[in-house]
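Participant: Mind having a look at this structure? Questions to follow.
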Amino acid sequence: MVTEKPSGLAARAAALELLTAALSGRNGLESALARPANTVLEPRDRGFARALALATLRRLGQIDRTLDARLSRPPPDAVRNILRLGAVQALVLQTAPHAAVAASVDLAASRGDTRAFKGLVNAVLRTLLREPPDLSDPEALAPPWLFARWRAAYGEAEARAIAAVIADEPAADLNLRDSAETAELGEALEAEILPGGGLRTRRRGDIATWPAFETGRWWVQDAAAAIPARLLATQPGETVLDLCAAPGGKTMQLAATGATVTALDRSAGRLKRVIENLARTGLSAEIITADAAAWGDPRTFDAVLLDAPCSATGTFRRHPDVLWAAKPGDIASLAAVQTRLLDAAATRTRPGGRLVYCVCSLEPEEGEAQVAAFLARRPAFAISPITAGEGGAPVPSLRPDGSLRILPHHMTGGLDGFFVARFRRVD
């Protein structure tokens, strides 16, 4: 849990802008983090604004249920967002009650579009403090349509366990350039060693100041996101294609094995991050900007990794905005993209080679259904079963067919939700 330190009006105004942007559509929060209202703040206030916005997004479902019970009619969006921020400060971030109310009223008073509602902000928040709501129901943390999908796919108990993770602030997971340094870096970073060899630390602050960052001995990568590349089991000298490679965590994993790596992504802007990350870590890969399905190069590879574009509903621990930006129609349209990319990946896999397909989604249409359809139309491929615990995968995530359905509660402290399947080309 984030404990608030006193911050001024500018920090709360920045938090309001971040929250508004996050609820406006996919990637809104990321864009808002680069805007002047956020970047001009002192690092301490900038960190508070981000933490407040993220905490509000994690508790958004519960807070909205609480506010709706105390509002006779829906207020303007800006007023609702001020109420959301104030409620989270008072009920979740351990802000002194009078400070949470006063700061929210001041924020409302500072804006022309909300000034007339400062009395409402004061009254609603004071009512919340007199009659604190019960925030213990995990179902309320998720958008109702998503929770209904998880219940249908995994059952009531699993759906509630998934939703319960939404409220938790995650630790930082790190992957290492050289596994021989695990113990040394674990001590330096005050981290625990995770299954598979990654590290998990509760350190806070600018990661660029952490030990061994500048020398490129590690990079930030969720524990679940690190599993697919490990499952390729690449060897020195093998040729590997990383499709949809940006921002490069998996590319670096593959390059660190000594394989000859080609990293492809359709976004030149996102590939800049791959290039920067490779430079910092001293690793190398061939970088290609292209649409994977239209790439004209005739090469095939010993191993292919496809981390396909998806709804990203499994990434809500670090990106709680994805839950509120996602729409039911997104899943079908993204599944069509995944089908096209899987076929492209198949044509790049040499006979006898391996193909790993993964998505950071909790939705079966993007995982289990993709595998069934792929095997039906591509008889040259067969599932290469993943074994229990292989690559650091949580044992409960192993499915009967040898694929992985990683759920966010499958590891103590949480991890991203992922689906992973490994294939071998048998012709």
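Ordering of the structure tokens sets the chain letters (A, B, ...); residue numbers start at 1 within each chain; ligands are numbered from 1 in the order shown.
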What lies within 6 Å of stretch 374-385 of chain A using only C-alpha atoms, ignoring chain neighbours under 5 positions off, as a ChimeraX atom specification?
Facilitator: /A:402,422-427
Participant: List as a list in words the protein and nucleic acid residues near A:Thr182, meaning an atom at most 8 Å away when only C-alpha atoms are counted, but skip any in the same chain fewer than 4 places from it.
Facilitator: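 Near A:Thr182, the qualifying residues are Leu176, Asp178, Gly186, Ile193, Gly197, Gly198 and Leu199 of chain A.
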Participant: Produce a file of the selected residues containing C-alpha atoms, as a tab-separated table (two decimals), in the first residue's frame.
Facilitator:
chain	number	residue	atom	x	y	z
A	176	LEU	CA	19.29	-10.77	-15.50
A	178	ASP	CA	23.85	-13.40	-16.67
A	186	GLY	CA	19.75	-10.27	-5.39
A	193	ILE	CA	15.04	-14.95	-6.20
A	197	GLY	CA	15.97	-17.10	-11.91
A	198	GLY	CA	14.46	-13.60	-11.96
A	199	LEU	CA	14.47	-11.21	-9.02
Participant: Name all residues at most 8 Å from A:Leu404 (count only C-alpha atoms; drop same-chain ones fewer than 4 positions away) and give them as a list in words.
Facilitator: Ile386, Ala393, Ser397, Leu398, Arg399, Phe418, Phe419, Val420 and Ala421 of chain A
Participant: Just the selected residues (C-alpha atoms), exported as a PDB file, in the first residue's frame, please.
Facilitator:
ATOM      1  CA  ILE A 386       5.542 -27.713 -21.154  1.00  0.00           C
ATOM      2  CA  ALA A 393       6.031 -21.225 -14.566  1.00  0.00           C
ATOM      3  CA  SER A 397      -0.804 -22.777 -14.497  1.00  0.00           C
ATOM      4  CA  LEU A 398      -0.058 -26.039 -16.356  1.00  0.00           C
ATOM      5  CA  ARG A 399      -2.978 -27.234 -18.484  1.00  0.00           C
ATOM      6  CA  PHE A 418      -0.509 -14.944 -19.523  1.00  0.00           C
ATOM      7  CA  PHE A 419      -1.323 -17.734 -21.918  1.00  0.00           C
ATOM      8  CA  VAL A 420       1.648 -19.631 -23.384  1.00  0.00           C
ATOM      9  CA  ALA A 421       1.791 -22.553 -25.804  1.00  0.00           C
TER      10      ALA A 421
END
Participant: Write out as a list in words each polymer residue whose atoms come within 6 Å of A:Leu362, counting only C-alpha atoms; drop sequence neighbours fewer than 4 positions from it.
Facilitator: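 In the requested format, the answer is Thr313, Gly314 and Gly417 of chain A.
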Participant: So which one's closest to A:Asn122, A:Pro396, A:Pro74, A:Gly86, A:Pro36? Using only C-alpha atoms, please.
Facilitator: A:Gly86
Participant: Could you find all residues in stretch 130-302 of chain A that DSSP calls alpha helix (DSSP H) from the backbone, and write them as a ChimeraX atom specification?
Facilitator: /A:130,144-154,156-164,182-188,227-232,249-256,268-281
Participant: Would you mind telling me which residue in A:Gly119, A:Pro97, A:Gly61, A:Pro43 lies nearest to A:Ala163 when using only C-alpha atoms?
Facilitator: A:Gly61
Participant: According to DSSP computed on the backbone, where in stretch 193-365 of chain A is there strand (DSSP E)? Give the residues as an NGL selection string.
Facilitator: :A and (193 or 199-201 or 218-220 or 239-243 or 260-265 or 286-289 or 301-307 or 349-359)
Participant: Sorted by chain and rising residue number, list the residues of stretch 303-357 of chain A at most 10 Å from stretch 249-271 of chain A (counting only C-alpha atoms), each with its closest atom pair and distance in Å to one decimal, as a tab-separated table.
Facilitator:
residue	atom	partner	partner_atom	distance
A:Ala303	CA	A:Val261	CA	9.6
A:Val304	CA	A:Thr262	CA	9.6
A:Leu305	CA	A:Lys250	CA	8.7
A:Asp307	CA	A:Lys250	CA	8.9
Participant: Between A:Val121, A:Leu146, A:Leu57, A:Val40, which has the minimum distance to A:Leu71 (counting only C-alpha atoms)?
Facilitator: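 Among the listed residues, the smallest separation from A:Leu71 belongs to A:Val121.
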Participant: Residues within 12 Å of A:Asp206, please, as a ChimeraX atom specification. Count only C-alpha atoms; anything in the same chain fewer than 5 positions from it doesn't count.
Facilitator: /A:43-44,46-47,172,211,213
Participant: What's around A:Thr281 at 8 Å? Count only C-alpha atoms, leave out sequence neighbours fewer than 5 positions away in its own chain, and write the answer as an MDAnalysis selection string.
Facilitator: chainID A and resid 177 215:218
Participant: Would you mind exporting the chosen residues as a JSON list (two decimals), in the first residue's frame, restricted to N, CA and C atoms?
Facilitator:
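Written output follows (out_12.json):
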[["chain", "number", "residue", "atom", "x", "y", "z"],
["A", 177, "ARG", "N", 20.97, -10.39, -17.18],
["A", 177, "ARG", "CA", 21.75, -10.71, -18.37],
["A", 177, "ARG", "C", 22.54, -12.00, -18.18],
["A", 215, "THR", "N", 25.19, -0.39, -15.82],
["A", 215, "THR", "CA", 26.05, -1.37, -16.47],
["A", 215, "THR", "C", 25.26, -2.45, -17.21],
["A", 216, "GLY", "N", 23.94, -2.34, -17.19],
["A", 216, "GLY", "CA", 23.11, -3.20, -18.02],
["A", 216, "GLY", "C", 23.03, -4.64, -17.59],
["A", 217, "ARG", "N", 23.18, -4.90, -16.30],
["A", 217, "ARG", "CA", 23.19, -6.30, -15.85],
["A", 217, "ARG", "C", 21.79, -6.85, -15.60],
["A", 218, "TRP", "N", 20.77, -5.98, -15.69],
["A", 218, "TRP", "CA", 19.39, -6.44, -15.51],
["A", 218, "TRP", "C", 18.44, -5.46, -16.19]]
